[in-house]
Amino acid sequence: MKYLKMTLCLALLLTFAPLQAQEQKTVSGTVTDQAGIPLPGVNILVEDSQRGTQSDFDGNYSIQAAAGEVLVFSYLGQETQRLTVGASNRIDVAMQEDATALEEVVVIGYGNQEQRKIIQNVGIVKEEAIDNLVVTSADQLLQGQTAGTQIVNSSGVLGSASVIRVRGVNSINSGSQPLIVIDGVPITDTETNTLNRGGNTGINPLSYVNPNDIESLTVLKDAGATSIYGSRGANGVILITTKKGRKNQAATVTLDVSTQYTSATDVPEILSADEFRTFKSEVASIQQGTTVTPEDLNLGALGSGGTDWLAGVQRTGISQNYSLGIRGGTENTTYFIGADFQDTEGFIIGNNQQRSGARINLETEVNSWLTAGMNLGVTNTRLNRVGVENNTFAPFTTAFLQSPVVPAFDDEGNFAQSGSFIPNIFAIVALDTDELKTFRSIGNFYAEITPFKNVTYRADFGFDKLELEEFLRFTDFNTPGGAAQQLNVAEDRWLTNQTLTYTNQWGDHSLTALAGLNYEETLRTRSNVSVTGFLTDDLRNLGSGSTPTILNGDRFPSRLYGLFGRASYDYAGKYLVEGSLRRDGSSRFGRNNRFGYFWSVAAGWVLSEENFLADATWLDYLSLRASLGTVGNDRLGTFPSLGLFNAGAIADYNGQSGVIPNQPANPDLKWEESETLDIGIRSTLFKGRLTANIAYFKKTTSDLLLNQVLPPQTGFTSISRNVGEMENRGWEFDISSVNVRTDKFEWRTSLNLTTIDNEVLRLNADAATDEQGRRIIDGPIQRAIEGESLNNFFLIRYVGVNPETGDAEWLDKDGNITLNPGSGDRVVAGSPLPDFSGGITNTFRYGNLDLSILMNYSYGNDVVIDGLRFADGNDAIGGIVNIRRQNLDYWQAPGDRAFLPSPTSSTFNLFNQRSTLQMLDASYLRLKNVTLGYNLPQRALDQMGGIFKGLRLYVTGTNLFTIKRDEMKGIDPEVTDDIDPLFQGESFFTAPQAKSYLFGARITF
């Protein structure tokens, strides 16, 4: 019995001993850096557990742990600290810089590079710069954030693509948009995927990635950075890296919920119904010398009502946004899982979008020599579209043009016909269907093998699969008999990258060498069906139409095969050299130029490592760099080198099927090639308080693809050949500073500025010439001139209304006053290219409050608002269209300084001809994004039961105000209706940008 009691007591002791040892308590403290400044965002993890947290803005933390357990404190650039929990409930930690990890790693083409040793010219937008920037599309994260990258929103219509230029316009007839790579997968951005109605803006390719899933963006600008992408790098490359998990981090769940309210930034003031009646009758009375009433003009009596079309097509759009992210990792595996849903209302009636997406990023170290992972994002979008501009089915175009005396509804409340070619836009939006549905999946799967020391082999298999369906159904009220059209596009890209990387360091020497293979195969298929003649509007499907009007389909395959290599060497961390070479073969090139070679060389000198600067304690880092290399542009179309034929109904002969020649063969066709020289300096001063990155570049693009006239006997009018040359040169400045930093308050500023000068060096020999004998490419508004900029507004110069005579006056080509100018009086009058542009960001933190203010700007550029030819004057289209309010200011007596000439002047009906009257100074400074946030302190979170690791409340305003010229009142300066390089800075009733207010919360579990 004695032994039994002893055994029971021992068993009880063994049972309760581990329970007592594992009894948890609340451990708290403060984490500071080496200077004693509180350090926010430090990861604190209980070793060998899933319990973890992060320090708040004041460096405070709180975590549940038991005596004897180890707390692991980790932070990028700092040495990891491991401290054992003892009897005390408080542990304060002073982090120290990690000499082996002082510099962050930057994502570059097919690899990573330490920022300290990078000699490529890249623009970097890090996670901390975008974490609290609330946007609806990824391209907005780049606006105003890095030098050399200009982004202009093409329209305020939901889903419209932005015009993105990296170091200016680099092509004339080929694409000028940069290559976009998401997690190593170059995505397709074909501009002709949809039924573009009005302009050529296309669908925004960056709308398929959730901004909350993005960890960083890197813009590759010089040849040293882009040549590794060979025939596709001429317009720059944007690398998007999505969020990854972190090793040994407890799972963190982040939920973002927000509501957004949007409206138009600025719209012109147009006449009300009675103002329109009064204006028309007054003008007619002056012209006819007798009293003319509105009833005489069939405009109805004053006070008889009308329609405010412009107000009617606008609304306050209310949107809901939900985003969920789960992030964490164990000793060997990291993961990020994301999901999002957006239900967005545009400020234009009929313009709505629903977007849902999901993402999963995984990586695991299978063993010491094998790492495998995947990145997969899927997006499903449903967009109710509206016309963009220059289209009578576009709400803004029609609202500007439609007469305000035309009723929208009849006496019974039904839609009324407009009685002219300008339709009832309310009926179009309410009754017709214009729907675009897309499903897109972008991802890759990879494995990294380390077969030998210092050698890594990576096999990467990626894809970009896009399925698109656009359906239009026009009802009988708007289109007699009804009509329907359906477009189906499937675009699939499959690719593989195989790379072998060697890294080694011996003594003061360091070498990294990369060799790789890239193969991509893309297939785009398209079918387009259109029918008319529907018995009733209740029959929606195409099969219910009686008469097919369009029935066609096509198929566009292309392939790319590349071999590439890069070697980087540095001595003692201060003398850096790098070189790359790529050989590309593309099915888009001609038979005689199927393969091309692209190369770059770069060198850097880290002066701050030299002994003669050792005593410069104020200097943290200083380096010089230079690079030279070539890249290409393969955006030549799918079959540009082949002889093509048309078949089908267009080629039928005597009732039999046939073919007719459509395009001559050009076996010599090749890529457009750009050679870039880049020289730069990068520095960090005063213990990181001031950083500067300054660069000069000169980029010469040769073999530009231009149309060359063919002799009539060939049966063709022209052929595309590589015959042109163009140059861009300029300066880039990136400067950031920590203006104030105390334990409670911090103020940071980032400024970037870019200047670009563009010059067309050579056009094709048979191009048209001007009076000076210079070769030109002429358009209705712009003219490209050999020896000058690609983009020149070539217009008649408008002088104004003569206050003594009441005549509108222009200048002829010789600068003399004329009352009747002609097309021969056009001269170079302005340019859409800015003298300089950029952005300014100020961030403030005080306690748990933070404020971010982003402004972007552009100076010295003009825009031509071509719609003003209809919105100004008296009689643009038979006198039936509305006009802007400033037209009420017409000349009546000598001495009047009027906007509009005298109604009796011979120039009255010439007033709205195309001239510099529509060319406006588009310089602006815009408050692009303001975000005010508040993070609940740790003690408040603890009082909520310890459920939340963080709770952030925020409000964001977008496009709140714009400083611009008075002449731009009612007009958005940040707008263009086409991504074509030859039409930059032109607009025709394009919808302005949206002004928005967003209220949200970010909850971290």
# chains A, B, ... in the order shown; residues from 1 in each chain; ligands from 1
$ residues_around --residues "A:Arg246" --least-positions-apart "2" --cutoff "8 Å" --atoms "only C-alpha atoms" --output "short mmCIF file (atom, residue, chain, number, x, y, z; two decimals) with C-alpha atoms, in the first residue's frame"
data_model
loop_
_atom_site.label_atom_id
_atom_site.label_comp_id
_atom_site.auth_asym_id
_atom_site.auth_seq_id
_atom_site.Cartn_x
_atom_site.Cartn_y
_atom_site.Cartn_z
CA LYS A 244 4.57 35.95 -49.93
CA ASN A 248 8.49 31.20 -38.65
CA GLN A 249 5.60 33.63 -38.55
CA ARG A 327 -0.07 35.18 -44.36
CA GLY A 328 2.40 33.11 -42.39
CA GLY A 329 4.95 30.37 -42.41
CA THR A 330 6.70 27.58 -40.60
CA THR A 334 5.57 30.02 -46.34
CA TYR A 335 2.12 30.88 -47.62
#
$ select_by_dssp --residues "stretch 545-608 of chain A" --states "strand (DSSP E or B)" --output "MDAnalysis selection string"
chainID A and resid 547:571 575:586 595:606
$ write_last_selection --atoms "N, CA and C atoms" --output "short mmCIF file (atom, residue, chain, number, x, y, z; two decimals), in the first residue's frame"
data_model
loop_
_atom_site.label_atom_id
_atom_site.label_comp_id
_atom_site.auth_asym_id
_atom_site.auth_seq_id
_atom_site.Cartn_x
_atom_site.Cartn_y
_atom_site.Cartn_z
N THR A 547 -31.61 38.22 -89.32
CA THR A 547 -30.64 38.51 -90.37
C THR A 547 -29.23 38.63 -89.80
N PRO A 548 -28.38 37.64 -90.07
CA PRO A 548 -26.98 37.78 -89.65
C PRO A 548 -26.30 38.89 -90.45
N THR A 549 -25.55 39.73 -89.77
CA THR A 549 -24.83 40.81 -90.44
C THR A 549 -23.32 40.65 -90.34
N ILE A 550 -22.86 40.00 -89.29
CA ILE A 550 -21.44 39.70 -89.14
C ILE A 550 -21.31 38.26 -88.68
N LEU A 551 -20.43 37.53 -89.30
CA LEU A 551 -20.14 36.16 -88.88
C LEU A 551 -18.69 35.87 -89.26
N ASN A 552 -17.80 36.06 -88.33
CA ASN A 552 -16.39 35.81 -88.64
C ASN A 552 -15.65 35.32 -87.41
N GLY A 553 -14.50 34.81 -87.66
CA GLY A 553 -13.62 34.34 -86.60
C GLY A 553 -12.20 34.34 -87.09
N ASP A 554 -11.26 34.41 -86.18
CA ASP A 554 -9.86 34.40 -86.58
C ASP A 554 -9.02 33.76 -85.48
N ARG A 555 -7.77 33.53 -85.84
CA ARG A 555 -6.86 32.80 -84.96
C ARG A 555 -5.48 33.42 -85.12
N PHE A 556 -4.85 33.77 -83.98
CA PHE A 556 -3.57 34.47 -84.03
C PHE A 556 -2.56 33.76 -83.12
N PRO A 557 -1.76 32.85 -83.65
CA PRO A 557 -0.73 32.22 -82.83
C PRO A 557 0.59 32.98 -82.93
N SER A 558 1.40 32.89 -81.90
CA SER A 558 2.75 33.45 -81.94
C SER A 558 3.63 32.68 -80.97
N ARG A 559 4.94 32.68 -81.27
CA ARG A 559 5.90 31.96 -80.43
C ARG A 559 7.14 32.82 -80.23
N LEU A 560 7.76 32.62 -79.08
CA LEU A 560 8.99 33.33 -78.75
C LEU A 560 9.94 32.35 -78.09
N TYR A 561 11.20 32.38 -78.56
CA TYR A 561 12.22 31.51 -78.00
C TYR A 561 13.45 32.36 -77.70
N GLY A 562 13.91 32.32 -76.46
CA GLY A 562 15.05 33.15 -76.09
C GLY A 562 16.08 32.41 -75.27
N LEU A 563 17.34 32.71 -75.53
CA LEU A 563 18.46 32.27 -74.71
C LEU A 563 19.12 33.51 -74.13
N PHE A 564 19.41 33.49 -72.84
CA PHE A 564 19.95 34.70 -72.22
C PHE A 564 20.97 34.35 -71.15
N GLY A 565 21.79 35.34 -70.86
CA GLY A 565 22.78 35.17 -69.81
C GLY A 565 23.13 36.51 -69.19
N ARG A 566 23.56 36.48 -67.94
CA ARG A 566 23.97 37.70 -67.24
C ARG A 566 25.06 37.33 -66.24
N ALA A 567 26.07 38.19 -66.15
CA ALA A 567 27.14 37.98 -65.18
C ALA A 567 27.38 39.27 -64.42
N SER A 568 27.48 39.16 -63.08
CA SER A 568 27.73 40.33 -62.22
C SER A 568 28.94 40.03 -61.35
N TYR A 569 29.86 40.99 -61.32
CA TYR A 569 31.07 40.82 -60.54
C TYR A 569 31.32 42.08 -59.72
N ASP A 570 31.76 41.90 -58.48
CA ASP A 570 32.18 43.06 -57.70
C ASP A 570 33.43 42.71 -56.89
N TYR A 571 34.22 43.74 -56.74
CA TYR A 571 35.45 43.59 -55.95
C TYR A 571 35.33 44.47 -54.72
N TYR A 575 33.70 48.02 -56.56
CA TYR A 575 33.86 48.06 -58.01
C TYR A 575 32.94 47.00 -58.62
N LEU A 576 31.95 47.44 -59.36
CA LEU A 576 30.89 46.56 -59.83
C LEU A 576 30.83 46.58 -61.35
N VAL A 577 30.74 45.43 -61.96
CA VAL A 577 30.54 45.34 -63.41
C VAL A 577 29.48 44.28 -63.68
N GLU A 578 28.77 44.47 -64.77
CA GLU A 578 27.70 43.53 -65.12
C GLU A 578 27.50 43.54 -66.63
N GLY A 579 27.18 42.40 -67.19
CA GLY A 579 26.89 42.31 -68.61
C GLY A 579 25.81 41.28 -68.85
N SER A 580 25.00 41.50 -69.90
CA SER A 580 23.95 40.55 -70.25
C SER A 580 23.86 40.41 -71.75
N LEU A 581 23.39 39.27 -72.19
CA LEU A 581 23.21 38.99 -73.61
C LEU A 581 21.97 38.12 -73.78
N ARG A 582 21.17 38.46 -74.78
CA ARG A 582 19.98 37.65 -75.07
C ARG A 582 19.85 37.46 -76.57
N ARG A 583 19.48 36.26 -76.96
CA ARG A 583 19.18 35.92 -78.35
C ARG A 583 17.72 35.52 -78.43
N ASP A 584 16.93 36.32 -79.14
CA ASP A 584 15.50 36.07 -79.26
C ASP A 584 15.13 35.62 -80.67
N GLY A 585 14.25 34.66 -80.73
CA GLY A 585 13.64 34.28 -81.98
C GLY A 585 12.13 34.39 -81.84
N SER A 586 11.48 35.05 -82.82
CA SER A 586 10.05 35.30 -82.72
C SER A 586 9.36 35.02 -84.04
N PHE A 595 15.92 35.91 -85.88
CA PHE A 595 16.58 35.98 -84.58
C PHE A 595 17.30 37.31 -84.43
N GLY A 596 17.33 37.79 -83.21
CA GLY A 596 18.02 39.05 -82.91
C GLY A 596 18.82 38.93 -81.62
N TYR A 597 19.87 39.76 -81.51
CA TYR A 597 20.74 39.76 -80.34
C TYR A 597 20.60 41.09 -79.61
N PHE A 598 20.50 41.02 -78.29
CA PHE A 598 20.35 42.21 -77.45
C PHE A 598 21.33 42.09 -76.29
N TRP A 599 21.97 43.19 -75.95
CA TRP A 599 23.07 43.13 -75.00
C TRP A 599 23.09 44.36 -74.11
N SER A 600 23.84 44.27 -73.04
CA SER A 600 24.07 45.43 -72.17
C SER A 600 25.35 45.23 -71.39
N VAL A 601 26.01 46.35 -71.09
CA VAL A 601 27.16 46.35 -70.18
C VAL A 601 26.93 47.48 -69.19
N ALA A 602 27.34 47.26 -67.96
CA ALA A 602 27.14 48.27 -66.91
C ALA A 602 28.31 48.20 -65.93
N ALA A 603 28.61 49.36 -65.34
CA ALA A 603 29.69 49.44 -64.36
C ALA A 603 29.27 50.39 -63.24
N GLY A 604 29.73 50.10 -62.04
CA GLY A 604 29.43 50.95 -60.90
C GLY A 604 30.63 51.08 -59.96
N TRP A 605 30.68 52.20 -59.29
CA TRP A 605 31.75 52.48 -58.34
C TRP A 605 31.13 53.00 -57.05
N VAL A 606 31.30 52.25 -55.95
CA VAL A 606 30.77 52.65 -54.65
C VAL A 606 31.85 53.48 -53.96
#
$ closest_residue --among "A:Asp620, A:Asp634, A:Glu746, A:Glu389" --to "A:Pro178" --atoms "only C-alpha atoms"
A:Asp634
$ atom_distance --atom1 "atom CA of A:Phe844" --atom2 "atom CA of A:Leu685"
20.7 Å
$ closest_residue --among "A:Leu71, A:Asp734, A:Arg315, A:Gln402" --to "A:Val122" --atoms "only C-alpha atoms"
A:Asp734
$ residues_around --residues "stretch 266-279 of chain A" --least-positions-apart "4" --cutoff "6 Å" --atoms "only C-alpha atoms" --output "PDB file with C-alpha atoms, in the first residue's frame"
ATOM      1  CA  PRO A 294     -37.824  80.625 -79.118  1.00  0.00           C
ATOM      2  CA  LEU A 302     -39.394  80.002 -72.001  1.00  0.00           C
ATOM      3  CA  GLY A 306     -36.235  70.728 -70.774  1.00  0.00           C
ATOM      4  CA  PRO A 404     -31.413  70.773 -73.562  1.00  0.00           C
ATOM      5  CA  VAL A 405     -34.902  71.507 -74.964  1.00  0.00           C
ATOM      6  CA  ILE A 883     -22.800  74.667 -75.894  1.00  0.00           C
ATOM      7  CA  ARG A 884     -20.718  75.816 -72.931  1.00  0.00           C
ATOM      8  CA  ARG A 885     -21.874  78.731 -70.788  1.00  0.00           C
ATOM      9  CA  GLY A 970     -14.551  72.127 -66.319  1.00  0.00           C
ATOM     10  CA  ILE A 971     -11.910  70.043 -68.119  1.00  0.00           C
TER      11      ILE A 971
END
$ residues_around --residues "A:Asp966" --least-positions-apart "2" --cutoff "12 Å" --atoms "only C-alpha atoms" --output "list of chain:residue names"
A:Leu920, A:Asp921, A:Ala922, A:Ser923, A:Tyr924, A:Thr962, A:Ile963, A:Lys964, A:Met968, A:Lys969, A:Gly970, A:Ile971, A:Asp972, A:Pro973
$ residues_around --residues "A:Ser608" --least-positions-apart "4" --cutoff "8 Å" --atoms "only C-alpha atoms" --output "list in words"
Leu613, Ala614, Leu619, Asp620, Tyr621, Leu622 and Ser623 of chain A
$ residues_around --residues "A:Leu854" --least-positions-apart "5" --cutoff "6 Å" --atoms "only C-alpha atoms" --output "PDB file with N, CA and C atoms, in the first residue's frame"
ATOM      1  N   ILE A 840       4.976  64.008 -55.675  1.00  0.00           N
ATOM      2  CA  ILE A 840       5.465  64.361 -54.336  1.00  0.00           C
ATOM      3  C   ILE A 840       4.622  63.596 -53.317  1.00  0.00           C
ATOM      4  N   THR A 841       5.279  62.925 -52.399  1.00  0.00           N
ATOM      5  CA  THR A 841       4.580  62.207 -51.336  1.00  0.00           C
ATOM      6  C   THR A 841       5.099  62.675 -49.985  1.00  0.00           C
ATOM      7  N   LYS A 928      -3.604  63.740 -55.537  1.00  0.00           N
ATOM      8  CA  LYS A 928      -4.010  62.450 -56.092  1.00  0.00           C
ATOM      9  C   LYS A 928      -4.599  61.524 -55.039  1.00  0.00           C
ATOM     10  N   ASN A 929      -3.948  61.453 -53.895  1.00  0.00           N
ATOM     11  CA  ASN A 929      -4.411  60.509 -52.878  1.00  0.00           C
ATOM     12  C   ASN A 929      -4.057  61.043 -51.492  1.00  0.00           C
TER      13      ASN A 929
END
$ residues_around --residues "A:Pro395" --least-positions-apart "6" --cutoff "8 Å" --atoms "only C-alpha atoms" --output "ChimeraX atom specification"
/A:313,348-349,386-387,425
$ closest_residue --among "A:Thr684, A:Thr333, A:Thr536, A:Asn367" --to "A:Arg116" --atoms "only C-alpha atoms"
A:Thr684
$ closest_residue --among "A:Gly443, A:Gly715, A:Gly68, A:Gly413" --to "A:Thr84" --atoms "only C-alpha atoms"
A:Gly68
$ closest_residue --among "A:Tyr229, A:Phe336, A:Tyr846, A:Tyr61" --to "A:Asp942" --atoms "only C-alpha atoms"
A:Tyr61
$ closest_residue --among "A:Ala459, A:Ala161, A:Asn390, A:Phe733" --to "A:Thr990" --atoms "only C-alpha atoms"
A:Asn390
$ decode --residues "stretch 354-462 of chain A" --atoms "C-alpha atoms" --output "PDB file, in the first residue's frame"
ATOM      1  CA  GLN A 354     -18.209  43.375 -60.107  1.00  0.00           C
ATOM      2  CA  ARG A 355     -14.842  41.791 -59.548  1.00  0.00           C
ATOM      3  CA  SER A 356     -13.946  38.740 -57.503  1.00  0.00           C
ATOM      4  CA  GLY A 357     -10.548  37.190 -57.212  1.00  0.00           C
ATOM      5  CA  ALA A 358      -8.456  34.718 -55.270  1.00  0.00           C
ATOM      6  CA  ARG A 359      -4.756  34.134 -54.879  1.00  0.00           C
ATOM      7  CA  ILE A 360      -2.547  31.489 -53.339  1.00  0.00           C
ATOM      8  CA  ASN A 361       1.248  31.732 -53.096  1.00  0.00           C
ATOM      9  CA  LEU A 362       3.111  28.810 -51.572  1.00  0.00           C
ATOM     10  CA  GLU A 363       6.766  27.940 -51.144  1.00  0.00           C
ATOM     11  CA  THR A 364       8.328  25.069 -49.272  1.00  0.00           C
ATOM     12  CA  GLU A 365      11.836  23.838 -48.660  1.00  0.00           C
ATOM     13  CA  VAL A 366      11.368  20.168 -49.378  1.00  0.00           C
ATOM     14  CA  ASN A 367      14.891  19.421 -48.208  1.00  0.00           C
ATOM     15  CA  SER A 368      18.308  21.043 -48.175  1.00  0.00           C
ATOM     16  CA  TRP A 369      18.634  20.978 -51.985  1.00  0.00           C
ATOM     17  CA  LEU A 370      15.055  21.367 -53.242  1.00  0.00           C
ATOM     18  CA  THR A 371      12.607  24.266 -52.927  1.00  0.00           C
ATOM     19  CA  ALA A 372       9.244  24.262 -54.719  1.00  0.00           C
ATOM     20  CA  GLY A 373       6.439  26.746 -54.950  1.00  0.00           C
ATOM     21  CA  MET A 374       3.577  28.252 -56.852  1.00  0.00           C
ATOM     22  CA  ASN A 375       1.883  31.615 -57.435  1.00  0.00           C
ATOM     23  CA  LEU A 376      -1.674  31.519 -58.694  1.00  0.00           C
ATOM     24  CA  GLY A 377      -4.188  34.307 -59.112  1.00  0.00           C
ATOM     25  CA  VAL A 378      -7.667  34.029 -60.632  1.00  0.00           C
ATOM     26  CA  THR A 379     -10.056  36.858 -61.375  1.00  0.00           C
ATOM     27  CA  ASN A 380     -13.649  36.945 -62.541  1.00  0.00           C
ATOM     28  CA  THR A 381     -15.029  40.273 -63.740  1.00  0.00           C
ATOM     29  CA  ARG A 382     -18.437  41.427 -64.906  1.00  0.00           C
ATOM     30  CA  LEU A 383     -18.424  44.928 -66.360  1.00  0.00           C
ATOM     31  CA  ASN A 384     -21.412  46.909 -67.568  1.00  0.00           C
ATOM     32  CA  ARG A 385     -19.771  49.085 -70.190  1.00  0.00           C
ATOM     33  CA  VAL A 386     -20.586  52.458 -71.629  1.00  0.00           C
ATOM     34  CA  GLY A 387     -19.107  54.209 -74.623  1.00  0.00           C
ATOM     35  CA  VAL A 388     -15.884  56.052 -73.852  1.00  0.00           C
ATOM     36  CA  GLU A 389     -16.024  59.092 -76.160  1.00  0.00           C
ATOM     37  CA  ASN A 390     -16.691  60.236 -79.750  1.00  0.00           C
ATOM     38  CA  ASN A 391     -19.686  57.950 -79.857  1.00  0.00           C
ATOM     39  CA  THR A 392     -23.356  58.884 -79.652  1.00  0.00           C
ATOM     40  CA  PHE A 393     -23.913  55.876 -77.379  1.00  0.00           C
ATOM     41  CA  ALA A 394     -21.369  57.301 -74.913  1.00  0.00           C
ATOM     42  CA  PRO A 395     -23.153  59.079 -72.030  1.00  0.00           C
ATOM     43  CA  PHE A 396     -20.760  62.018 -71.779  1.00  0.00           C
ATOM     44  CA  THR A 397     -20.583  62.622 -75.528  1.00  0.00           C
ATOM     45  CA  THR A 398     -24.350  62.547 -75.916  1.00  0.00           C
ATOM     46  CA  ALA A 399     -24.988  64.616 -72.792  1.00  0.00           C
ATOM     47  CA  PHE A 400     -22.769  67.398 -74.138  1.00  0.00           C
ATOM     48  CA  LEU A 401     -24.229  67.312 -77.622  1.00  0.00           C
ATOM     49  CA  GLN A 402     -27.927  66.804 -76.944  1.00  0.00           C
ATOM     50  CA  SER A 403     -30.095  69.907 -77.040  1.00  0.00           C
ATOM     51  CA  PRO A 404     -31.413  70.773 -73.562  1.00  0.00           C
ATOM     52  CA  VAL A 405     -34.902  71.507 -74.964  1.00  0.00           C
ATOM     53  CA  VAL A 406     -35.306  67.882 -76.112  1.00  0.00           C
ATOM     54  CA  PRO A 407     -37.448  65.988 -73.580  1.00  0.00           C
ATOM     55  CA  ALA A 408     -36.226  62.674 -72.222  1.00  0.00           C
ATOM     56  CA  PHE A 409     -39.751  61.427 -71.422  1.00  0.00           C
ATOM     57  CA  ASP A 410     -43.192  61.933 -72.919  1.00  0.00           C
ATOM     58  CA  ASP A 411     -46.280  63.052 -71.001  1.00  0.00           C
ATOM     59  CA  GLU A 412     -46.932  59.475 -69.860  1.00  0.00           C
ATOM     60  CA  GLY A 413     -43.451  59.025 -68.432  1.00  0.00           C
ATOM     61  CA  ASN A 414     -42.161  56.835 -71.237  1.00  0.00           C
ATOM     62  CA  PHE A 415     -38.865  57.401 -72.982  1.00  0.00           C
ATOM     63  CA  ALA A 416     -39.145  59.921 -75.819  1.00  0.00           C
ATOM     64  CA  GLN A 417     -37.356  59.781 -79.132  1.00  0.00           C
ATOM     65  CA  SER A 418     -34.856  62.594 -79.583  1.00  0.00           C
ATOM     66  CA  GLY A 419     -35.814  63.375 -83.146  1.00  0.00           C
ATOM     67  CA  SER A 420     -32.201  63.561 -84.380  1.00  0.00           C
ATOM     68  CA  PHE A 421     -29.162  61.388 -84.877  1.00  0.00           C
ATOM     69  CA  ILE A 422     -28.268  62.043 -81.225  1.00  0.00           C
ATOM     70  CA  PRO A 423     -30.222  59.390 -79.295  1.00  0.00           C
ATOM     71  CA  ASN A 424     -31.929  59.476 -75.928  1.00  0.00           C
ATOM     72  CA  ILE A 425     -28.997  58.364 -73.783  1.00  0.00           C
ATOM     73  CA  PHE A 426     -31.246  57.589 -70.819  1.00  0.00           C
ATOM     74  CA  ALA A 427     -33.119  55.056 -72.965  1.00  0.00           C
ATOM     75  CA  ILE A 428     -29.872  53.514 -74.194  1.00  0.00           C
ATOM     76  CA  VAL A 429     -28.542  52.987 -70.680  1.00  0.00           C
ATOM     77  CA  ALA A 430     -31.870  51.682 -69.330  1.00  0.00           C
ATOM     78  CA  LEU A 431     -32.921  49.432 -72.223  1.00  0.00           C
ATOM     79  CA  ASP A 432     -29.782  48.240 -74.004  1.00  0.00           C
ATOM     80  CA  THR A 433     -27.259  45.692 -72.757  1.00  0.00           C
ATOM     81  CA  ASP A 434     -23.500  46.178 -73.005  1.00  0.00           C
ATOM     82  CA  GLU A 435     -21.802  43.585 -70.847  1.00  0.00           C
ATOM     83  CA  LEU A 436     -18.235  42.350 -70.729  1.00  0.00           C
ATOM     84  CA  LYS A 437     -17.402  39.215 -68.759  1.00  0.00           C
ATOM     85  CA  THR A 438     -13.851  38.015 -68.244  1.00  0.00           C
ATOM     86  CA  PHE A 439     -12.174  35.165 -66.463  1.00  0.00           C
ATOM     87  CA  ARG A 440      -8.414  35.319 -66.095  1.00  0.00           C
ATOM     88  CA  SER A 441      -5.890  33.111 -64.387  1.00  0.00           C
ATOM     89  CA  ILE A 442      -2.205  34.019 -64.108  1.00  0.00           C
ATOM     90  CA  GLY A 443       0.250  31.780 -62.349  1.00  0.00           C
ATOM     91  CA  ASN A 444       3.409  29.773 -62.306  1.00  0.00           C
ATOM     92  CA  PHE A 445       4.847  26.682 -60.694  1.00  0.00           C
ATOM     93  CA  TYR A 446       8.536  26.402 -59.962  1.00  0.00           C
ATOM     94  CA  ALA A 447      11.227  24.292 -58.410  1.00  0.00           C
ATOM     95  CA  GLU A 448      14.719  25.312 -57.350  1.00  0.00           C
ATOM     96  CA  ILE A 449      17.405  22.660 -57.079  1.00  0.00           C
ATOM     97  CA  THR A 450      20.857  23.138 -55.593  1.00  0.00           C
ATOM     98  CA  PRO A 451      22.775  20.163 -57.013  1.00  0.00           C
ATOM     99  CA  PHE A 452      26.168  21.595 -56.072  1.00  0.00           C
ATOM    100  CA  LYS A 453      27.463  24.251 -53.769  1.00  0.00           C
ATOM    101  CA  ASN A 454      26.898  27.751 -55.193  1.00  0.00           C
ATOM    102  CA  VAL A 455      24.794  26.418 -58.094  1.00  0.00           C
ATOM    103  CA  THR A 456      20.999  26.748 -58.320  1.00  0.00           C
ATOM    104  CA  TYR A 457      18.806  25.396 -61.102  1.00  0.00           C
ATOM    105  CA  ARG A 458      15.278  26.816 -61.384  1.00  0.00           C
ATOM    106  CA  ALA A 459      12.518  25.413 -63.563  1.00  0.00           C
ATOM    107  CA  ASP A 460       9.527  27.723 -63.961  1.00  0.00           C
ATOM    108  CA  PHE A 461       6.290  26.935 -65.802  1.00  0.00           C
ATOM    109  CA  GLY A 462       3.785  29.746 -66.155  1.00  0.00           C
TER     110      GLY A 462
END
